[in-house]
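Novice: Structure incoming, see below.
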Amino acid sequence: MLTTLIYILGIVAAVWCVLDIFKHNKLEPLYKILLSIAVLAFSWVGLAVYYFLIRNKI
């Protein structure tokens, strides 16, 4: 049960992150797509990298 909850939270967080990526107009479309694929593929790790390293720079 706990693993299912963590899995669902990971999906929600990844979708939030992808929506945040596409909200920014400064990024090129190809960079947005590649970054979104990376976040979705690596779930929690991709989310952490985006949130702590990339989000503040864009």
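Residues are referred to by chain and number: the chain letter is A, B, ... according to the order shown in the structure tokens, the number counts from 1 in that chain, and ligands are numbered separately from 1 in the order shown.
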For Lys32 in chain A, list every protein, DNA or RNA residue within 12 Å, evaluated using only C-alpha atoms, and leave out those in the same chain fewer than 3 positions away; present the list as a list in words.
Specialist: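 The contact residues come out as Cys17, Val18, Leu19, Asp20, Ile21, Phe22, Lys23, His24, Asn25, Lys26, Leu27, Glu28, Pro29, Leu35, Ser36, Ile37, Ala38, Val39, Tyr50, Ile54 and Ile58 of chain A.
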Novice: Can you spit out the residues from that selection as an mmCIF file, in the first residue's frame, using C-alpha atoms?
Specialist:
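Okay, part_7.cif is ready:
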```
data_model
loop_
_atom_site.group_PDB
_atom_site.id
_atom_site.type_symbol
_atom_site.label_atom_id
_atom_site.label_comp_id
_atom_site.auth_asym_id
_atom_site.auth_seq_id
_atom_site.Cartn_x
_atom_site.Cartn_y
_atom_site.Cartn_z
ATOM 1 C CA CYS A 17 7.367 19.122 -13.240
ATOM 2 C CA VAL A 18 6.590 18.616 -16.940
ATOM 3 C CA LEU A 19 3.847 21.255 -16.787
ATOM 4 C CA ASP A 20 6.299 23.621 -15.115
ATOM 5 C CA ILE A 21 8.848 22.970 -17.864
ATOM 6 C CA PHE A 22 6.371 23.780 -20.633
ATOM 7 C CA LYS A 23 5.222 26.929 -18.799
ATOM 8 C CA HIS A 24 8.569 28.672 -19.358
ATOM 9 C CA ASN A 25 8.874 30.525 -22.655
ATOM 10 C CA LYS A 26 12.649 31.028 -22.483
ATOM 11 C CA LEU A 27 13.412 27.395 -23.292
ATOM 12 C CA GLU A 28 13.657 26.019 -26.786
ATOM 13 C CA PRO A 29 11.007 23.409 -27.706
ATOM 14 C CA LEU A 35 13.999 17.624 -20.274
ATOM 15 C CA SER A 36 10.438 16.309 -19.971
ATOM 16 C CA ILE A 37 11.460 12.865 -21.205
ATOM 17 C CA ALA A 38 14.329 12.796 -18.725
ATOM 18 C CA VAL A 39 12.073 13.768 -15.819
ATOM 19 C CA TYR A 50 15.076 19.594 -12.123
ATOM 20 C CA ILE A 54 17.525 23.525 -13.328
ATOM 21 C CA ILE A 58 15.282 29.189 -16.105
#
```
Novice: Identify all residues of range 11-58 of chain A in alpha helix (DSSP H) (DSSP on the backbone) and supply them as a count of residues only.
Specialist: 34
Novice: Go through A:Leu34, A:Phe52, A:Ser43, A:Lys57 and flag the residue nearest Leu9 in chain A, using only C-alpha atoms for the distances.
Specialist: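 That would be A:Ser43, the residue with the smallest distance to Leu9 in chain A.
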Novice: I'd like the interatomic distance between CA of Leu40 in chain A and CA of Trp16 in chain A, to a tenth of an Å.
Specialist: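 Going from CA of Leu40 in chain A over to CA of Trp16 in chain A, I get 10.6 Å.
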Novice: Skip Gly10 in chain A itself and residues of its chain fewer than 3 positions away, then list as a list in words all residues within 8 Å of it, counting only C-alpha atoms.
Specialist: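 Within the cut-off, the hits are Ile6, Tyr7, Ala13, Ala14, Ser43 and Trp44 of chain A.
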